[in-house]
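Coordinates from upload_16.tsv are shown below (TSV, C-alpha atoms).
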chain	number	residue	atom	x	y	z
I	1	MET	CA	-14.76	-38.82	46.50
I	2	LYS	CA	-16.60	-35.56	45.84
I	3	PHE	CA	-13.26	-33.74	45.51
I	4	GLU	CA	-11.97	-36.30	42.99
I	5	LYS	CA	-15.21	-36.08	41.01
I	6	CYS	CA	-14.91	-32.28	40.88
I	7	GLU	CA	-11.32	-32.62	39.74
I	8	ASP	CA	-12.41	-35.00	36.95
I	9	ILE	CA	-15.03	-32.52	35.76
I	10	MET	CA	-12.55	-29.66	35.73
I	11	THR	CA	-10.01	-31.78	33.84
I	12	ARG	CA	-12.57	-32.64	31.19
I	13	LYS	CA	-13.46	-28.96	30.84
I	14	TYR	CA	-9.86	-27.96	30.27
I	15	LEU	CA	-9.43	-30.82	27.80
I	16	ALA	CA	-12.45	-29.52	25.88
I	17	ILE	CA	-11.07	-25.97	25.86
I	18	THR	CA	-7.71	-27.20	24.61
I	19	ALA	CA	-9.36	-29.25	21.86
I	20	LEU	CA	-11.29	-26.19	20.69
I	21	LEU	CA	-8.15	-24.10	20.63
I	22	LEU	CA	-6.31	-26.76	18.71
I	23	ALA	CA	-9.06	-26.95	16.09
I	24	PRO	CA	-8.50	-24.94	12.89
I	25	TRP	CA	-9.67	-21.36	13.15
I	26	SER	CA	-12.20	-20.59	10.45
I	27	VAL	CA	-11.38	-17.76	8.08
I	28	ASN	CA	-14.12	-16.34	5.90
I	29	ALA	CA	-12.86	-16.00	2.35
I	30	THR	CA	-14.15	-13.16	0.20
I	31	VAL	CA	-15.08	-13.75	-3.43
I	32	TRP	CA	-14.76	-10.82	-5.81
I	33	THR	CA	-16.70	-11.48	-9.00
I	34	ILE	CA	-16.20	-9.34	-12.08
I	35	ASN	CA	-19.73	-9.67	-13.43
I	36	SER	CA	-20.47	-6.42	-15.18
I	37	THR	CA	-20.02	-4.96	-18.65
I	38	SER	CA	-19.29	-1.53	-17.14
I	39	SER	CA	-16.58	-0.28	-14.84
I	40	VAL	CA	-18.00	-1.42	-11.51
I	41	THR	CA	-15.26	-2.17	-8.97
I	42	PRO	CA	-16.30	-4.93	-6.52
I	43	ALA	CA	-16.60	-3.93	-2.87
I	44	GLY	CA	-13.39	-4.52	-0.96
I	45	ILE	CA	-11.23	-3.60	-3.93
I	46	GLN	CA	-10.31	0.06	-3.80
I	47	SER	CA	-9.27	0.31	-7.43
I	48	MET	CA	-8.26	-1.67	-10.49
I	49	GLY	CA	-5.87	-0.46	-13.16
I	50	ALA	CA	-4.57	-1.79	-16.49
I	51	TYR	CA	-0.93	-1.61	-17.58
I	52	SER	CA	1.30	-3.04	-20.27
I	53	VAL	CA	5.03	-3.36	-20.86
I	54	GLY	CA	7.15	-4.33	-23.85
I	55	THR	CA	9.07	-7.57	-24.00
I	56	THR	CA	12.61	-6.14	-23.92
I	57	SER	CA	14.58	-5.78	-20.68
I	58	THR	CA	14.47	-1.98	-20.90
I	59	SER	CA	10.73	-1.73	-21.59
I	60	THR	CA	8.71	0.15	-18.99
I	61	PHE	CA	5.09	-0.08	-17.91
I	62	SER	CA	2.57	2.38	-19.25
I	63	PRO	CA	-1.14	2.77	-18.41
I	64	ALA	CA	-3.58	0.75	-20.50
I	65	THR	CA	-7.38	0.42	-20.60
I	66	LEU	CA	-9.52	-2.05	-18.70
I	67	ALA	CA	-12.08	-3.80	-20.90
I	68	TRP	CA	-15.19	-5.24	-19.24
I	69	TYR	CA	-16.90	-8.21	-20.85
I	70	GLY	CA	-19.32	-9.40	-18.17
I	71	SER	CA	-19.48	-12.62	-16.17
I	72	ALA	CA	-19.51	-14.81	-19.28
I	73	ASN	CA	-16.04	-13.68	-20.25
I	74	GLY	CA	-14.34	-11.44	-17.69
I	75	LEU	CA	-11.90	-8.55	-17.53
I	76	GLY	CA	-9.53	-7.80	-20.40
I	77	VAL	CA	-6.93	-5.13	-21.23
I	78	LEU	CA	-6.47	-2.87	-24.24
I	79	SER	CA	-2.95	-1.52	-24.72
I	80	GLY	CA	-1.00	0.45	-27.29
I	81	SER	CA	-3.12	1.21	-30.35
I	82	GLU	CA	-5.81	-1.32	-29.40
I	83	THR	CA	-9.32	0.09	-29.04
I	84	THR	CA	-12.73	-1.35	-28.23
I	85	SER	CA	-13.82	-0.79	-31.84
I	86	SER	CA	-10.85	-2.58	-33.39
I	87	PHE	CA	-10.66	-5.22	-30.63
I	88	PRO	CA	-14.20	-5.60	-29.26
I	89	ASP	CA	-13.40	-8.77	-27.30
I	90	HIS	CA	-9.82	-8.33	-26.12
I	91	ALA	CA	-8.15	-10.44	-23.41
I	92	VAL	CA	-5.12	-9.90	-21.16
I	93	ASP	CA	-2.27	-11.17	-23.34
I	94	ASN	CA	1.48	-11.16	-24.00
I	95	SER	CA	1.29	-10.65	-27.76
I	96	GLY	CA	3.73	-7.82	-28.51
I	97	ARG	CA	3.25	-6.31	-25.05
I	98	ILE	CA	2.75	-7.99	-21.66
I	99	GLU	CA	-0.58	-6.81	-20.28
I	100	ALA	CA	-1.51	-6.80	-16.60
I	101	VAL	CA	-4.19	-5.75	-14.11
I	102	LEU	CA	-3.26	-4.08	-10.82
I	103	PHE	CA	-5.66	-4.70	-7.92
I	104	ARG	CA	-5.56	-2.37	-4.95
I	105	PHE	CA	-7.48	-3.83	-2.01
I	106	ASP	CA	-8.89	-1.88	0.92
I	107	GLY	CA	-6.36	-3.55	3.21
I	108	SER	CA	-3.66	-6.18	3.25
I	109	THR	CA	-5.15	-9.28	1.60
I	110	ILE	CA	-4.08	-12.88	1.11
I	111	LEU	CA	-5.02	-13.53	-2.50
I	112	ASP	CA	-5.70	-17.27	-2.63
I	113	LYS	CA	-7.30	-18.07	-5.97
I	114	LEU	CA	-8.34	-16.62	-9.29
I	115	THR	CA	-10.54	-17.79	-12.13
I	116	VAL	CA	-10.26	-17.00	-15.82
I	117	GLY	CA	-13.35	-17.15	-17.96
I	118	TRP	CA	-11.98	-16.94	-21.45
I	119	PRO	CA	-8.98	-19.04	-22.37
I	120	ASP	CA	-9.21	-20.11	-26.00
I	121	THR	CA	-7.38	-23.38	-25.41
I	122	THR	CA	-7.95	-24.54	-28.99
I	123	ALA	CA	-5.54	-21.92	-30.35
I	124	TYR	CA	-3.93	-20.24	-27.36
I	125	ASP	CA	-2.61	-20.80	-23.86
I	126	SER	CA	-3.58	-19.05	-20.62
I	127	ASP	CA	-0.43	-18.70	-18.53
I	128	ILE	CA	-0.35	-15.98	-15.88
I	129	SER	CA	2.21	-14.41	-13.55
I	130	VAL	CA	1.35	-13.16	-10.07
I	131	ILE	CA	3.31	-10.39	-8.31
I	132	ARG	CA	2.75	-8.59	-5.00
I	133	TYR	CA	4.00	-5.36	-3.46
I	134	THR	CA	5.86	-5.65	-0.14
I	135	GLY	CA	6.28	-1.97	0.73
I	136	ALA	CA	4.06	0.46	2.58
I	137	VAL	CA	0.92	1.64	0.81
I	138	PRO	CA	-1.14	4.68	1.82
I	139	ALA	CA	-4.67	3.78	2.87
I	140	THR	CA	-6.11	6.16	0.27
I	141	GLY	CA	-4.89	8.52	-2.39
I	142	PRO	CA	-2.68	7.97	-5.43
I	143	LEU	CA	0.06	5.39	-5.52
I	144	THR	CA	3.50	6.96	-5.42
I	145	GLY	CA	7.12	5.86	-5.29
I	146	ALA	CA	7.79	2.14	-5.72
I	147	ALA	CA	4.06	1.36	-5.46
I	148	ASP	CA	3.43	3.20	-8.74
I	149	ILE	CA	4.52	0.86	-11.56
I	150	SER	CA	4.21	3.42	-14.38
I	151	GLY	CA	7.53	4.08	-16.09
I	152	LYS	CA	9.27	1.15	-14.43
I	153	SER	CA	10.63	-2.05	-15.97
I	154	ILE	CA	9.98	-5.56	-14.70
I	155	SER	CA	13.52	-5.81	-13.31
I	156	GLY	CA	13.11	-2.37	-11.75
I	157	LEU	CA	9.99	-3.48	-9.90
I	158	LEU	CA	11.58	-6.71	-8.67
I	159	SER	CA	14.52	-4.79	-7.25
I	160	ASN	CA	12.30	-2.31	-5.45
I	161	SER	CA	9.62	-3.79	-3.15
I	162	TRP	CA	7.82	-6.00	-5.70
I	163	GLU	CA	7.99	-9.79	-5.30
I	164	PHE	CA	7.35	-12.58	-7.80
I	165	VAL	CA	4.79	-14.97	-6.26
I	166	GLY	CA	4.47	-17.52	-9.06
I	167	SER	CA	3.42	-18.33	-12.64
I	168	TYR	CA	0.57	-20.69	-13.42
I	169	ASN	CA	-1.09	-22.41	-16.35
I	170	THR	CA	-4.78	-21.70	-15.81
I	171	VAL	CA	-7.86	-23.49	-17.10
I	172	GLY	CA	-11.11	-21.71	-17.90
I	173	ASP	CA	-13.76	-21.56	-15.15
I	174	VAL	CA	-11.55	-23.46	-12.70
I	175	ALA	CA	-10.26	-21.69	-9.57
I	176	GLU	CA	-6.46	-21.68	-9.64
I	177	ASP	CA	-4.49	-21.74	-6.38
I	178	ILE	CA	-1.93	-18.96	-6.76
I	179	ASN	CA	-0.49	-18.30	-3.32
I	180	PRO	CA	0.41	-21.47	-1.36
I	181	SER	CA	2.59	-19.51	1.08
I	182	ASN	CA	-0.36	-17.30	2.10
I	183	LEU	CA	1.51	-14.09	1.37
I	184	SER	CA	-0.42	-10.86	1.82
I	185	SER	CA	-0.45	-7.42	0.25
I	186	SER	CA	-2.87	-4.66	-0.61
I	187	LEU	CA	-1.36	-4.44	-4.14
I	188	TRP	CA	-1.51	-7.49	-6.43
I	189	LEU	CA	-0.46	-7.49	-10.09
I	190	ILE	CA	-1.84	-10.22	-12.38
I	191	SER	CA	-0.11	-10.29	-15.75
I	192	ALA	CA	0.03	-12.46	-18.81
I	193	TYR	CA	2.95	-14.81	-18.31
I	194	SER	CA	6.53	-13.64	-18.70
I	195	SER	CA	9.64	-15.52	-17.62
I	196	SER	CA	11.16	-12.11	-16.84
I	197	TRP	CA	9.24	-12.14	-13.56
I	198	GLY	CA	11.11	-15.21	-12.35
I	199	SER	CA	10.99	-18.99	-12.23
I	200	GLY	CA	10.80	-21.85	-9.78
I	201	LYS	CA	7.49	-20.72	-8.24
I	202	GLY	CA	4.09	-21.97	-9.26
I	203	ASP	CA	3.74	-24.47	-12.10
I	204	PRO	CA	6.78	-26.18	-13.69
I	205	SER	CA	8.43	-24.21	-16.48
I	206	SER	CA	7.57	-27.03	-18.89
I	207	GLN	CA	3.89	-25.97	-18.60
I	208	LEU	CA	4.59	-22.30	-19.35
I	209	ASN	CA	5.56	-20.32	-22.43
I	210	ASN	CA	6.16	-16.68	-23.26
I	211	SER	CA	3.68	-16.38	-26.12
I	212	ASN	CA	0.08	-17.02	-27.11
I	213	ASP	CA	-1.23	-16.42	-23.59
I	214	TYR	CA	-4.71	-14.92	-23.54
I	215	PHE	CA	-7.16	-14.81	-20.63
I	216	LYS	CA	-9.89	-12.75	-19.00
I	217	LEU	CA	-10.29	-12.53	-15.24
I	218	THR	CA	-13.72	-13.36	-13.83
I	219	GLN	CA	-13.14	-13.96	-10.13
I	220	LEU	CA	-10.68	-13.47	-7.26
I	221	VAL	CA	-10.78	-15.19	-3.85
I	222	GLY	CA	-8.91	-13.90	-0.83
I	223	THR	CA	-8.88	-13.36	2.91
I	224	ALA	CA	-8.01	-10.43	5.11
I	225	GLY	CA	-4.36	-10.59	6.12
I	226	GLY	CA	-4.14	-7.36	8.05
I	227	SER	CA	-5.66	-3.93	8.51
I	228	GLY	CA	-5.12	-0.58	6.85
I	229	GLY	CA	-3.36	-0.08	3.55
I	230	GLY	CA	-0.11	-1.79	4.36
I	231	GLY	CA	1.89	-3.72	1.83
I	232	GLY	CA	3.18	-7.26	1.93
I	233	GLY	CA	3.68	-9.76	4.67
I	234	GLY	CA	3.19	-13.34	5.68
I	235	VAL	CA	0.39	-14.84	7.67
I	236	GLY	CA	2.71	-16.82	9.93
I	237	SER	CA	1.92	-15.78	13.48
I	238	VAL	CA	-1.47	-15.59	15.14
I	239	PRO	CA	-0.56	-14.44	18.63
I	240	GLU	CA	-3.93	-14.25	20.33
I	241	PRO	CA	-5.14	-17.85	19.71
I	242	THR	CA	-1.63	-19.13	20.43
I	243	SER	CA	-1.52	-17.32	23.77
I	244	LEU	CA	-4.89	-18.78	24.73
I	245	LEU	CA	-3.73	-22.24	23.76
I	246	LEU	CA	-0.61	-21.97	25.91
I	247	LEU	CA	-2.69	-20.72	28.83
I	248	ALA	CA	-5.23	-23.56	28.54
I	249	SER	CA	-2.48	-26.16	28.19
I	250	GLY	CA	-0.68	-24.79	31.23
I	251	MET	CA	-3.83	-24.83	33.34
I	252	LEU	CA	-4.60	-28.36	32.18
I	253	GLY	CA	-1.13	-29.51	33.15
I	254	TRP	CA	-1.43	-27.84	36.54
I	255	ARG	CA	-4.80	-29.52	37.17
I	256	MET	CA	-3.52	-32.96	36.22
I	257	ASN	CA	-0.40	-32.53	38.36
I	258	ARG	CA	-2.52	-31.41	41.30
I	259	LYS	CA	-4.79	-34.43	40.89
I	260	SER	CA	-1.79	-36.77	40.86
I	261	GLN	CA	-0.47	-35.22	44.04
I	262	THR	CA	-3.89	-35.60	45.72
I	263	ILE	CA	-4.14	-39.25	44.78
I	264	ALA	CA	-0.60	-39.92	45.97
I	265	ALA	CA	-1.37	-38.30	49.31
Go ahead and express the file in the form of structure tokens.
Amino acid sequence: MKFEKCEDIMTRKYLAITALLLAPWSVNATVWTINSTSSVTPAGIQSMGAYSVGTTSTSTFSPATLAWYGSANGLGVLSGSETTSSFPDHAVDNSGRIEAVLFRFDGSTILDKLTVGWPDTTAYDSDISVIRYTGAVPATGPLTGAADISGKSISGLLSNSWEFVGSYNTVGDVAEDINPSNLSSSLWLISAYSSSWGSGKGDPSSQLNNSNDYFKLTQLVGTAGGSGGGGGGGVGSVPEPTSLLLLASGMLGWRMNRKSQTIAA
């Protein structure tokens, strides 16, 4: 009887271990808030850069200027002949040129959500496109090769290590899910919407249009998807918890089989 009681206790212990391993593993999301009127890069983001590209197929990206408008509004972009004096409250837009912000994180990151703080929905729209880099990125130092988008067209980027993640119709002050496949990268490009990036990912095309899109970024939410400065990837396999789960399940099965054999004897 004592042996059977001990076996029951051990079985319950292994059941408890298995249940814990089967439970969802908690991942601490990081929130990056753009809450300053000066160029303060949030911790965890190595750098932020502004770019713009024309709307023709041969247009190439050129550097632009980040414009900081504080937590009430967010981050905008000035491109071409636009200046802070002539455009004191400028958004990221696709009027004439498609403007974008490039975020370089300290390591590979799953960018989950973003929030825009200034969509003028009475007169404009706030469609965005999200793109990630899938190649290797140096941990520090300047971006070179395919990782450097300057002088490259949209089609050129898509054919060389950049991937269209999706386009979305955002609403002010509401966190938008932008990466349902949990893709990761240390380089993320958030641009005003353009169908040139692709289709069939994100919101239906009926909700998107190529003009009158204006927004300012106020917040990003993401989780660590890897270490170092590597580029893209998925978050599919988690080998260590899986190995533990298989081990616990195997031990549980062995215990139960042993108990059955004891009872039968």
- Between CA of Tyr193 (chain I) and CA of Glu163 (chain I), measure the distance and give it in Å to one decimal. 14.8 Å
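Nearest to Glu99 (chain I) of all the residues I:Tyr124, I:Tyr51, I:Trp162, I:Tyr69 is I:Tyr51, counting only C-alpha atoms.
Residues within 9 Å of Arg97 (chain I), counting all atoms listed in the file and excluding same-chain residues fewer than 3 positions away, are Ser52, Val53, Gly54, Thr55, Ser79, Gly80, Asp93 and Asn94 of chain I.
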Same residues, C-alpha atoms, saved as a compact mmCIF listing (two decimals), keeping the file's coordinate frame:
# COMPACT_ATOMS: atom_id res chain seq x y z
CA SER I 52 1.30 -3.04 -20.27
CA VAL I 53 5.03 -3.36 -20.86
CA GLY I 54 7.15 -4.33 -23.85
CA THR I 55 9.07 -7.57 -24.00
CA SER I 79 -2.95 -1.52 -24.72
CA GLY I 80 -1.00 0.45 -27.29
CA ASP I 93 -2.27 -11.17 -23.34
CA ASN I 94 1.48 -11.16 -24.00
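Pairwise distance (CA of Glu82 (chain I), CA of Ser153 (chain I)) equals 21.2 Å.
Atom pair CA of Ala147 (chain I) / CA of Phe61 (chain I): separated by 12.6 Å.
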- Task: Select all residues near (-13.3, -7.0, -27.9) (cut-off 12 Å, inclusive, file coordinates), counting all atoms listed in the file, and output them as a PyMOL selection string.
- Result: chain I and resi 37+65-70+73-78+82-92+118+216
- Tell me which of I:Ser47, I:Lys113, I:Phe105, I:Gly200 sits closest to Val221 (chain I), counting all atoms listed in the file. I:Lys113
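Restricting the calculation to only C-alpha atoms, the smallest distance between Ala139 (chain I) and any of I:Leu102, I:Val174, I:Leu187, I:Leu158 is found for I:Leu187.
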